[in-house]
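See below for my_file.cif, which holds mmCIF, C-alpha atoms.
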```
data_my_file
loop_
_atom_site.label_atom_id
_atom_site.label_comp_id
_atom_site.auth_asym_id
_atom_site.auth_seq_id
_atom_site.Cartn_x
_atom_site.Cartn_y
_atom_site.Cartn_z
CA MET I 1 -0.66 -46.35 5.62
CA ASN I 2 2.41 -46.33 3.41
CA ARG I 3 3.56 -49.10 1.09
CA ALA I 4 5.80 -50.81 3.66
CA GLN I 5 2.97 -50.86 6.22
CA GLN I 6 0.57 -52.27 3.65
CA ILE I 7 2.97 -55.09 2.85
CA PHE I 8 3.52 -55.70 6.58
CA THR I 9 -0.27 -55.86 7.07
CA ILE I 10 -0.56 -58.40 4.27
CA LEU I 11 2.24 -60.48 5.80
CA ILE I 12 0.47 -60.49 9.18
CA ALA I 13 -2.71 -61.78 7.52
CA ALA I 14 -0.65 -64.35 5.59
CA CYS I 15 1.16 -65.60 8.72
CA VAL I 16 -2.05 -65.91 10.75
CA THR I 17 -3.74 -67.80 7.92
CA ALA I 18 -0.79 -70.17 7.44
CA CYS I 19 -0.45 -70.76 11.20
CA ILE I 20 -4.15 -71.58 11.61
CA ARG I 21 -4.02 -73.98 8.68
CA ALA I 22 -0.85 -75.59 10.08
CA LEU I 23 -1.87 -75.78 13.74
CA PRO I 24 -3.37 -79.32 13.73
CA PHE I 25 -0.27 -80.58 11.92
CA LEU I 26 2.04 -78.84 14.42
CA ILE I 27 0.18 -80.24 17.43
CA PHE I 28 0.16 -83.79 16.07
CA ARG I 29 3.65 -84.18 14.69
CA ARG I 30 4.76 -86.79 12.20
CA LYS I 31 4.76 -90.40 13.45
CA GLN I 32 3.06 -89.41 16.69
CA GLN I 33 -0.13 -91.40 17.18
CA ILE I 34 -3.25 -89.30 16.55
CA PRO I 35 -5.59 -89.76 19.56
CA ALA I 36 -8.76 -91.73 18.81
CA PHE I 37 -10.95 -88.80 19.80
CA VAL I 38 -9.20 -86.40 17.39
CA ARG I 39 -9.39 -88.97 14.62
CA SER I 40 -13.08 -89.50 15.23
CA VAL I 41 -13.85 -85.77 15.21
CA GLY I 42 -11.71 -85.34 12.08
CA GLU I 43 -13.73 -88.03 10.33
CA GLN I 44 -17.07 -86.51 11.25
CA LEU I 45 -16.12 -82.89 10.61
CA PRO I 46 -16.48 -82.85 6.80
CA ARG I 47 -20.21 -83.51 6.95
CA ALA I 48 -20.68 -80.81 9.59
CA THR I 49 -18.34 -78.19 8.14
CA MET I 50 -19.72 -78.48 4.60
CA MET I 51 -23.18 -77.67 6.01
CA MET I 52 -21.58 -74.79 7.92
CA LEU I 53 -20.05 -73.49 4.68
CA ILE I 54 -23.41 -73.60 2.91
CA VAL I 55 -24.94 -71.51 5.70
CA TYR I 56 -21.90 -69.22 5.46
CA CYS I 57 -22.39 -68.79 1.70
CA LEU I 58 -26.06 -67.96 2.20
CA LYS I 59 -25.65 -65.65 5.20
CA ASP I 60 -26.52 -62.55 3.19
CA VAL I 61 -29.70 -63.98 1.69
CA SER I 62 -32.70 -62.05 2.99
CA PHE I 63 -35.93 -63.87 3.84
CA THR I 64 -38.11 -60.80 4.04
CA GLN I 65 -39.44 -61.12 0.50
CA VAL I 66 -39.91 -64.15 -1.74
CA HIS I 67 -37.91 -62.81 -4.69
CA LEU I 68 -34.86 -62.35 -2.46
CA TRP I 69 -34.53 -65.99 -1.37
CA LEU I 70 -36.20 -67.88 -4.21
CA PRO I 71 -33.16 -67.85 -6.60
CA ALA I 72 -30.87 -69.38 -3.96
CA ALA I 73 -33.52 -71.89 -2.84
CA ALA I 74 -34.20 -72.95 -6.45
CA GLY I 75 -30.48 -73.14 -7.21
CA ILE I 76 -29.87 -75.46 -4.27
CA LEU I 77 -32.92 -77.61 -5.00
CA VAL I 78 -31.87 -78.09 -8.65
CA THR I 79 -28.29 -78.88 -7.59
CA VAL I 80 -29.45 -81.54 -5.11
CA LEU I 81 -31.93 -83.12 -7.56
CA LEU I 82 -29.37 -83.25 -10.38
CA GLN I 83 -26.77 -84.79 -8.06
CA VAL I 84 -29.20 -87.40 -6.68
CA TYR I 85 -30.59 -88.45 -10.06
CA ARG I 86 -27.70 -87.82 -12.49
CA LYS I 87 -24.67 -88.02 -10.17
CA LYS I 88 -22.51 -85.80 -12.39
CA MET I 89 -20.79 -83.18 -10.27
CA MET I 90 -20.16 -80.73 -13.12
CA LEU I 91 -23.74 -80.97 -14.39
CA SER I 92 -25.14 -80.38 -10.88
CA VAL I 93 -22.91 -77.39 -10.13
CA PHE I 94 -23.42 -75.66 -13.46
CA GLY I 95 -27.13 -76.55 -13.67
CA GLY I 96 -27.77 -75.13 -10.22
CA THR I 97 -25.68 -72.04 -10.91
CA MET I 98 -27.50 -71.42 -14.23
CA VAL I 99 -30.90 -71.65 -12.53
CA TYR I 100 -29.71 -69.24 -9.83
CA MET I 101 -28.29 -66.73 -12.32
CA LEU I 102 -31.35 -66.84 -14.57
CA MET I 103 -33.76 -66.41 -11.68
CA LEU I 104 -31.67 -63.56 -10.33
CA ARG I 105 -32.26 -61.75 -13.61
CA TRP I 106 -35.91 -62.66 -14.14
CA ILE I 107 -37.50 -62.21 -10.77
CA ALA I 108 -35.17 -60.24 -8.52
CA MET R 109 2.40 -85.91 -11.41
CA ARG R 110 1.06 -85.19 -14.88
CA ASN R 111 -1.40 -88.01 -14.32
CA GLY R 112 -2.43 -86.24 -11.09
CA PHE R 113 -3.24 -83.03 -12.92
CA ARG R 114 -5.16 -84.87 -15.65
CA THR R 115 -7.27 -86.67 -13.04
CA ALA R 116 -7.76 -83.61 -10.84
CA PHE R 117 -8.61 -81.06 -13.52
CA PRO R 118 -12.28 -82.02 -14.08
CA TYR R 119 -12.89 -82.11 -10.31
CA THR R 120 -11.62 -78.54 -9.99
CA LEU R 121 -13.79 -77.01 -12.74
CA PRO R 122 -16.48 -75.72 -10.32
CA VAL R 123 -13.70 -74.10 -8.27
CA MET R 124 -12.29 -72.64 -11.46
CA ALA R 125 -15.59 -70.91 -12.26
CA GLY R 126 -15.96 -69.57 -8.73
CA TYR R 127 -12.34 -68.59 -8.12
CA LEU R 128 -11.88 -66.86 -11.47
CA PHE R 129 -14.98 -64.80 -10.86
CA LEU R 130 -14.26 -64.02 -7.20
CA GLY R 131 -10.59 -63.40 -8.01
CA ILE R 132 -11.61 -60.91 -10.70
CA ALA R 133 -14.06 -59.27 -8.29
CA PHE R 134 -11.27 -59.02 -5.70
CA GLY R 135 -8.83 -57.49 -8.21
CA VAL R 136 -11.48 -54.96 -9.23
CA ALA R 137 -12.24 -54.11 -5.59
CA MET R 138 -8.54 -53.51 -4.89
CA ARG R 139 -8.14 -51.29 -7.93
CA SER R 140 -11.29 -49.32 -7.16
CA GLN R 141 -9.79 -48.42 -3.76
CA GLY R 142 -6.74 -47.14 -5.62
CA HIS R 143 -4.31 -49.81 -4.44
CA ALA R 144 -1.14 -50.53 -6.39
CA PRO R 145 -1.64 -53.38 -8.93
CA GLY R 146 0.92 -55.66 -7.27
CA LEU R 147 -0.73 -55.51 -3.84
CA GLY R 148 -3.81 -57.58 -4.69
CA ILE R 149 -1.74 -60.14 -6.55
CA LEU R 150 0.66 -60.38 -3.60
CA MET R 151 -2.30 -61.06 -1.30
CA SER R 152 -3.62 -63.84 -3.52
CA VAL R 153 -0.19 -65.46 -3.55
CA VAL R 154 0.76 -65.21 0.14
CA ILE R 155 -2.58 -65.06 2.02
CA TYR R 156 -4.77 -67.11 -0.34
CA GLY R 157 -8.02 -66.78 1.59
CA GLY R 158 -10.93 -65.11 -0.14
CA SER R 159 -13.02 -63.77 2.74
CA LEU R 160 -10.01 -62.33 4.57
CA GLN R 161 -8.65 -60.69 1.42
CA PHE R 162 -11.98 -59.00 0.72
CA ALA R 163 -12.15 -57.89 4.36
CA LEU R 164 -8.71 -56.24 4.05
CA VAL R 165 -9.44 -54.16 0.94
CA GLU R 166 -10.78 -51.23 2.93
CA PRO R 167 -8.53 -51.35 6.08
CA LEU R 168 -5.49 -51.21 3.76
CA THR R 169 -6.42 -47.64 2.88
CA ARG R 170 -6.55 -46.58 6.54
CA ASN R 171 -4.04 -46.17 9.38
CA PHE R 172 -1.66 -48.99 10.18
CA ALA R 173 -3.31 -51.21 12.85
CA PRO R 174 -1.39 -54.51 13.18
CA VAL R 175 -3.27 -55.78 16.26
CA MET R 176 -6.64 -55.20 14.66
CA ILE R 177 -5.45 -57.01 11.52
CA LEU R 178 -4.19 -59.91 13.64
CA MET R 179 -7.55 -60.29 15.39
CA LEU R 180 -9.55 -59.87 12.20
CA SER R 181 -7.43 -62.56 10.51
CA CYS R 182 -7.86 -64.98 13.42
CA MET R 183 -11.62 -64.49 13.46
CA ILE R 184 -12.16 -64.90 9.74
CA GLN R 185 -9.75 -67.82 9.30
CA ALA R 186 -10.51 -69.83 12.46
CA ARG R 187 -12.65 -72.34 10.56
CA HIS R 188 -9.53 -73.56 8.74
CA LEU R 189 -8.49 -75.34 11.97
CA PHE R 190 -11.14 -77.93 11.21
CA TYR R 191 -9.82 -78.66 7.75
CA GLY R 192 -6.37 -79.58 9.01
CA LEU R 193 -7.97 -81.79 11.64
CA THR R 194 -9.72 -83.80 8.91
CA MET R 195 -6.76 -83.99 6.55
CA LEU R 196 -4.24 -84.86 9.30
CA PRO R 197 -3.96 -88.63 8.65
CA HIS R 198 -4.24 -88.22 4.86
CA TYR R 199 -1.77 -85.38 4.34
CA ARG R 200 0.90 -86.91 6.59
CA LYS R 201 1.91 -89.37 3.88
CA THR R 202 2.54 -86.75 1.20
CA GLY R 203 6.22 -86.02 1.91
CA LYS R 204 7.72 -82.91 0.36
CA ALA R 205 4.36 -81.55 -0.77
CA LEU R 206 3.03 -81.29 2.81
CA PRO R 207 3.97 -77.64 3.57
CA TYR R 208 2.29 -76.39 0.40
CA LEU R 209 -0.76 -78.62 0.93
CA ILE R 210 -1.20 -77.15 4.42
CA PHE R 211 -0.69 -73.59 3.20
CA SER R 212 -3.24 -73.96 0.41
CA LEU R 213 -6.03 -75.72 2.33
CA THR R 214 -8.90 -73.31 1.55
CA ASP R 215 -12.64 -73.95 1.90
CA GLU R 216 -12.95 -74.99 -1.73
CA THR R 217 -9.83 -77.16 -1.81
CA TYR R 218 -10.99 -78.83 1.40
CA SER R 219 -14.39 -79.54 -0.14
CA ILE R 220 -12.65 -81.56 -2.88
CA VAL R 221 -9.93 -83.30 -0.86
CA CYS R 222 -12.17 -84.28 2.07
CA SER R 223 -14.13 -86.63 -0.22
CA ASP R 224 -12.82 -90.03 -1.34
CA MET R 225 -10.09 -89.64 -3.91
CA PRO R 226 -10.37 -91.18 -7.39
CA SER R 227 -8.46 -94.40 -8.06
CA GLY R 228 -5.37 -94.60 -10.26
CA VAL R 229 -3.43 -91.67 -8.76
CA SER R 230 -1.09 -91.43 -5.81
CA ALA R 231 -2.38 -89.47 -2.83
CA ALA R 232 0.49 -86.96 -3.04
CA SER R 233 -0.05 -86.11 -6.70
CA TRP R 234 -3.85 -85.93 -6.35
CA TYR R 235 -3.72 -83.55 -3.37
CA THR R 236 -0.95 -81.45 -4.92
CA ALA R 237 -2.72 -81.15 -8.26
CA VAL R 238 -6.04 -80.08 -6.71
CA SER R 239 -4.35 -77.57 -4.38
CA LEU R 240 -2.12 -76.05 -7.03
CA LEU R 241 -4.81 -75.81 -9.72
CA ASP R 242 -7.14 -74.05 -7.28
CA GLN R 243 -4.55 -71.44 -6.34
CA ILE R 244 -3.68 -70.90 -10.00
CA TYR R 245 -7.35 -70.05 -10.70
CA TRP R 246 -7.42 -67.68 -7.75
CA VAL R 247 -4.22 -65.82 -8.67
CA LEU R 248 -5.18 -65.77 -12.36
CA GLY R 249 -8.57 -64.25 -11.48
CA THR R 250 -6.87 -61.61 -9.34
CA ILE R 251 -4.48 -60.71 -12.15
CA LEU R 252 -7.35 -60.48 -14.65
CA GLY R 253 -9.36 -58.27 -12.31
CA THR R 254 -6.35 -56.09 -11.57
CA ILE R 255 -5.34 -55.39 -15.15
CA ALA R 256 -8.61 -55.64 -17.05
CA GLY R 257 -11.17 -55.04 -14.30
CA GLY R 258 -12.90 -52.06 -15.84
CA MET R 259 -13.22 -53.69 -19.25
CA LEU R 260 -14.80 -56.98 -18.15
CA PRO R 261 -18.58 -57.37 -18.35
CA LEU R 262 -18.82 -58.32 -14.67
CA SER R 263 -22.52 -57.58 -14.30
CA ALA R 264 -23.25 -60.16 -17.01
CA LEU R 265 -21.59 -62.73 -14.76
CA ASN R 266 -23.34 -61.56 -11.61
CA GLY R 267 -24.31 -64.59 -9.52
CA ILE R 268 -21.69 -66.97 -10.92
CA ASP R 269 -20.13 -67.16 -7.45
CA PHE R 270 -23.14 -69.34 -6.60
CA SER R 271 -21.02 -72.14 -8.14
CA MET R 272 -19.22 -72.30 -4.75
CA THR R 273 -22.51 -72.80 -2.90
CA ALA R 274 -23.52 -75.37 -5.52
CA LEU R 275 -20.18 -77.18 -5.14
CA PHE R 276 -20.66 -77.40 -1.36
CA THR R 277 -24.24 -78.57 -1.93
CA VAL R 278 -23.04 -81.36 -4.24
CA ILE R 279 -20.52 -82.50 -1.62
CA VAL R 280 -23.17 -82.55 1.12
CA THR R 281 -25.55 -84.45 -1.18
CA ASP R 282 -22.89 -87.10 -1.88
CA GLN R 283 -21.89 -87.35 1.79
CA THR R 284 -25.54 -87.81 2.75
CA THR R 285 -26.29 -90.41 0.05
CA ASN R 286 -23.21 -92.36 1.14
CA ALA R 287 -24.22 -92.16 4.80
CA ILE R 288 -27.75 -93.31 3.96
CA SER R 289 -26.52 -96.34 2.03
CA ARG R 290 -24.13 -97.23 4.87
CA CYS R 291 -27.10 -96.98 7.20
CA ARG R 292 -29.17 -99.28 4.94
CA ARG R 293 -26.34 -101.80 5.07
CA GLY R 294 -26.56 -101.59 8.84
CA GLU R 295 -23.05 -100.18 9.32
CA ILE R 296 -24.22 -97.02 11.07
CA GLY R 297 -27.44 -95.88 12.72
CA TRP R 298 -29.80 -93.12 11.62
CA ASP R 299 -28.56 -90.98 14.46
CA GLU R 300 -25.08 -90.99 12.92
CA VAL R 301 -26.46 -90.15 9.47
CA LEU R 302 -28.21 -87.09 10.85
CA PHE R 303 -25.98 -85.89 13.69
CA ALA R 304 -23.09 -84.21 11.84
CA PRO R 305 -25.09 -82.38 9.13
CA LEU R 306 -27.68 -81.21 11.67
CA LEU R 307 -24.98 -79.99 14.04
CA GLY R 308 -23.20 -78.16 11.21
CA GLY R 309 -26.29 -76.90 9.39
CA ALA R 310 -28.98 -76.21 11.97
CA GLY R 311 -26.33 -75.34 14.58
CA THR R 312 -24.66 -72.74 12.36
CA LEU R 313 -28.01 -71.34 11.28
CA LEU R 314 -29.01 -70.98 14.93
CA CYS R 315 -25.71 -69.22 15.69
CA LEU R 316 -26.24 -66.88 12.74
CA LEU R 317 -29.69 -65.95 14.03
CA VAL R 318 -28.59 -65.53 17.65
CA VAL R 319 -25.07 -64.08 17.34
CA GLY R 320 -25.39 -62.23 14.03
CA ARG R 321 -23.27 -62.42 10.92
CA GLU R 322 -20.07 -60.96 12.42
CA HIS R 323 -19.06 -63.72 14.83
CA PHE R 324 -21.41 -66.65 14.20
CA LEU R 325 -18.75 -68.93 12.71
CA LEU R 326 -16.61 -68.90 15.87
CA VAL R 327 -19.60 -69.73 18.08
CA SER R 328 -20.72 -72.39 15.63
CA MET R 329 -17.26 -74.00 15.67
CA MET R 330 -17.36 -74.22 19.46
CA LEU R 331 -20.86 -75.65 19.31
CA MET R 332 -19.69 -78.31 16.85
CA LEU R 333 -16.67 -79.29 18.92
CA SER R 334 -18.80 -79.56 22.07
CA GLY R 335 -21.42 -81.53 20.16
CA PHE R 336 -18.87 -84.04 18.89
CA THR R 337 -17.23 -84.27 22.32
CA VAL R 338 -20.50 -84.99 24.10
CA ARG R 339 -21.48 -87.55 21.50
CA TYR R 340 -18.05 -89.21 21.61
CA SER R 341 -18.06 -89.60 25.39
CA TRP R 342 -21.67 -90.78 25.32
CA GLU R 343 -20.81 -93.46 22.71
CA LYS R 344 -17.77 -94.51 24.75
CA GLY R 345 -19.91 -94.71 27.87
CA LYS R 346 -22.44 -96.85 26.01
CA GLU R 347 -19.66 -99.20 24.85
CA ALA R 348 -18.32 -99.47 28.39
CA ARG R 349 -21.78 -100.27 29.76
CA GLY R 350 -22.41 -102.81 27.00
CA ALA R 351 -19.06 -104.54 27.50
#
```
Give the structure from this file in structure tokens form.
Amino acid sequence: MNRAQQIFTILIAACVTACIRALPFLIFRRKQQIPAFVRSVGEQLPRATMMMLIVYCLKDVSFTQVHLWLPAAAGILVTVLLQVYRKKMMLSVFGGTMVYMLMLRWIA
Amino acid sequence: MRNGFRTAFPYTLPVMAGYLFLGIAFGVAMRSQGHAPGLGILMSVVIYGGSLQFALVEPLTRNFAPVMILMLSCMIQARHLFYGLTMLPHYRKTGKALPYLIFSLTDETYSIVCSDMPSGVSAASWYTAVSLLDQIYWVLGTILGTIAGGMLPLSALNGIDFSMTALFTVIVTDQTTNAISRCRRGEIGWDEVLFAPLLGGAGTLLCLLVVGREHFLLVSMMLMLSGFTVRYSWEKGKEARGA
């Protein structure tokens, strides 16, 4: 496609993305009471969607051989342990990422 | 506002690591397909959605197909519906910043703003600072990848995008520890501690295995909504019976 079509394509993607992100706010306008059911789902969604995102991040991990999934498994385990026992977000994220990156190089 | 940025900055560091790296990778991918330098940067400014932008790199070299692009965008971005649903009551009070906050509600920004906010800042300046900083990292990464892509030692950084997974893992860990302590205090039952993460985690995993990696998120979203609906009406029914 030519330059104009490329830019048009990008604008389509941008509009769809913005509309999807805005949809809940457009349905439930300012001042209008948010229904109890919607509020309840909204409150529970973070704990479900964050798990969904973790699965999404790991969707390309293969379980056919140990060395393919061990780095990710170790990275997550270290992240959880650091967060439970040290409770420092930065330490947990970078500790887990370091373990993952090192294992990627050593065993994969 | 300056106070907002000072408070928000440390919280956004994991996103900084991930977005700079992924942004660079995106810039490099765009350049390697021979796209004009401005195109990738334009995408990071107006679309601002990592997975969709990566998915468009290749179609942008082919024939113009607006309907296909529309459907692809809907499919990849559908999960963002949920983020607005959560932030609805919180974002409403942010005034002039609201349109930008909605526009910039990505996975990573959501993961930060869906948790309790730190004390000492106004909601509007906290949300704005987190959202703006995150997009700055993303655009900056894209620019770096676009202009200096070939010169950067990307393979040395291979795997640094795991910081996103780790960030999400930290959030889930905190959410779960909080839920467990609320349960210990008797405010909620064990079923409530376990229901949402199991629905989101095991449910999505199941969808991935059954539906495959192309469409599993859409199916998983429907599963989650039905799960919450069934549970909500069941709880309401229980209340009605008890009362």
**Request:** May I ask you to extract the residues of chain I within 8 Å of chain R, using only C-alpha atoms, and to give them as a ChimeraX atom specification?
**Result:** /I:1,5-7,9-18,20-25,30,34,37-39,41-59,75-76,79-80,83-84,89-90,92-94,96-97,100-101,104
**Request:** To one decimal in Å, tell me the separation between CA of Arg139 (chain R) and CA of Gln243 (chain R).
**Result:** 20.5 Å
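You will find CA of Met138 (chain R) at 14.5 Å from CA of Trp246 (chain R).
Across the structure, CA of Ser334 (chain R) and CA of Arg349 (chain R) are spaced 22.3 Å apart.
Using only C-alpha atoms, the shortest contact distance between Val66 (chain I) and any of I:Ile107, I:Ala36, I:Val99, I:Val78 is found at I:Ile107.
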**Prompt:** Do you know which residues are at most 12 Å from Gly228 (chain R) counting all atoms listed in the file, after dropping those on the same chain fewer than 5 positions away, and could you put them as a ChimeraX atom specification?
**Reply:** /R:109,111-112,114-116,233-234
**Prompt:** Any chance you could work out the residue set of the PyMOL selection byres ((chain R and resi 247-249) around 7) here, as a VMD selection string?
**Reply:** chain R and resid 127 to 129 131 to 132 149 152 to 153 243 to 246 250 to 253
With C-alpha atoms retained, export the selected residues as a compact mmCIF listing (two decimals), in the coordinates of the input.
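New file selection.txt:
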```txt
# COMPACT_ATOMS: atom_id res chain seq x y z
CA TYR R 127 -12.34 -68.59 -8.12
CA LEU R 128 -11.88 -66.86 -11.47
CA PHE R 129 -14.98 -64.80 -10.86
CA GLY R 131 -10.59 -63.40 -8.01
CA ILE R 132 -11.61 -60.91 -10.70
CA ILE R 149 -1.74 -60.14 -6.55
CA SER R 152 -3.62 -63.84 -3.52
CA VAL R 153 -0.19 -65.46 -3.55
CA GLN R 243 -4.55 -71.44 -6.34
CA ILE R 244 -3.68 -70.90 -10.00
CA TYR R 245 -7.35 -70.05 -10.70
CA TRP R 246 -7.42 -67.68 -7.75
CA THR R 250 -6.87 -61.61 -9.34
CA ILE R 251 -4.48 -60.71 -12.15
CA LEU R 252 -7.35 -60.48 -14.65
CA GLY R 253 -9.36 -58.27 -12.31
```
Using 5 Å of padding on each side, determine the axis-aligned box around all atoms of region 44-56 of chain I present in the file and give its centre and edge lengths in Å to one decimal, as AutoDock Vina command-line options.
```
--center_x -20.5 --center_y -77.9 --center_z 7.1 --size_x 18.8 --size_y 27.3 --size_z 18.3
```
**Distance criterion (all atoms listed in the file): nearest to Met225 (chain R) out of R:Ala256, R:Lys346, R:Ala205, R:His198** = R:His198
Kindly output region 307-318 of chain R as a PDB file, in the frame of the given file, after building N, CA and C atoms.
```
ATOM      1  N   LEU R 307     -25.835 -80.808  13.175  1.00  0.00           N
ATOM      2  CA  LEU R 307     -24.980 -79.990  14.040  1.00  0.00           C
ATOM      3  C   LEU R 307     -24.373 -78.848  13.232  1.00  0.00           C
ATOM      4  N   GLY R 308     -23.843 -79.172  12.043  1.00  0.00           N
ATOM      5  CA  GLY R 308     -23.200 -78.160  11.210  1.00  0.00           C
ATOM      6  C   GLY R 308     -24.194 -77.200  10.582  1.00  0.00           C
ATOM      7  N   GLY R 309     -25.323 -77.725  10.105  1.00  0.00           N
ATOM      8  CA  GLY R 309     -26.290 -76.900   9.390  1.00  0.00           C
ATOM      9  C   GLY R 309     -27.204 -76.131  10.321  1.00  0.00           C
ATOM     10  N   ALA R 310     -28.026 -76.867  11.072  1.00  0.00           N
ATOM     11  CA  ALA R 310     -28.980 -76.210  11.970  1.00  0.00           C
ATOM     12  C   ALA R 310     -28.237 -75.439  13.063  1.00  0.00           C
ATOM     13  N   GLY R 311     -27.123 -76.007  13.539  1.00  0.00           N
ATOM     14  CA  GLY R 311     -26.330 -75.340  14.580  1.00  0.00           C
ATOM     15  C   GLY R 311     -25.803 -73.995  14.096  1.00  0.00           C
ATOM     16  N   THR R 312     -25.212 -73.983  12.906  1.00  0.00           N
ATOM     17  CA  THR R 312     -24.660 -72.740  12.360  1.00  0.00           C
ATOM     18  C   THR R 312     -25.755 -71.724  12.083  1.00  0.00           C
ATOM     19  N   LEU R 313     -26.885 -72.224  11.560  1.00  0.00           N
ATOM     20  CA  LEU R 313     -28.010 -71.340  11.280  1.00  0.00           C
ATOM     21  C   LEU R 313     -28.492 -70.671  12.571  1.00  0.00           C
ATOM     22  N   LEU R 314     -28.597 -71.491  13.614  1.00  0.00           N
ATOM     23  CA  LEU R 314     -29.010 -70.980  14.930  1.00  0.00           C
ATOM     24  C   LEU R 314     -28.038 -69.899  15.404  1.00  0.00           C
ATOM     25  N   CYS R 315     -26.726 -70.188  15.267  1.00  0.00           N
ATOM     26  CA  CYS R 315     -25.710 -69.220  15.690  1.00  0.00           C
ATOM     27  C   CYS R 315     -25.821 -67.932  14.891  1.00  0.00           C
ATOM     28  N   LEU R 316     -26.092 -68.063  13.591  1.00  0.00           N
ATOM     29  CA  LEU R 316     -26.240 -66.880  12.740  1.00  0.00           C
ATOM     30  C   LEU R 316     -27.390 -66.012  13.241  1.00  0.00           C
ATOM     31  N   LEU R 317     -28.512 -66.690  13.586  1.00  0.00           N
ATOM     32  CA  LEU R 317     -29.690 -65.950  14.030  1.00  0.00           C
ATOM     33  C   LEU R 317     -29.457 -65.306  15.394  1.00  0.00           C
ATOM     34  N   VAL R 318     -28.767 -66.033  16.288  1.00  0.00           N
ATOM     35  CA  VAL R 318     -28.590 -65.530  17.650  1.00  0.00           C
ATOM     36  C   VAL R 318     -27.442 -64.528  17.738  1.00  0.00           C
TER      37      VAL R 318
END
```
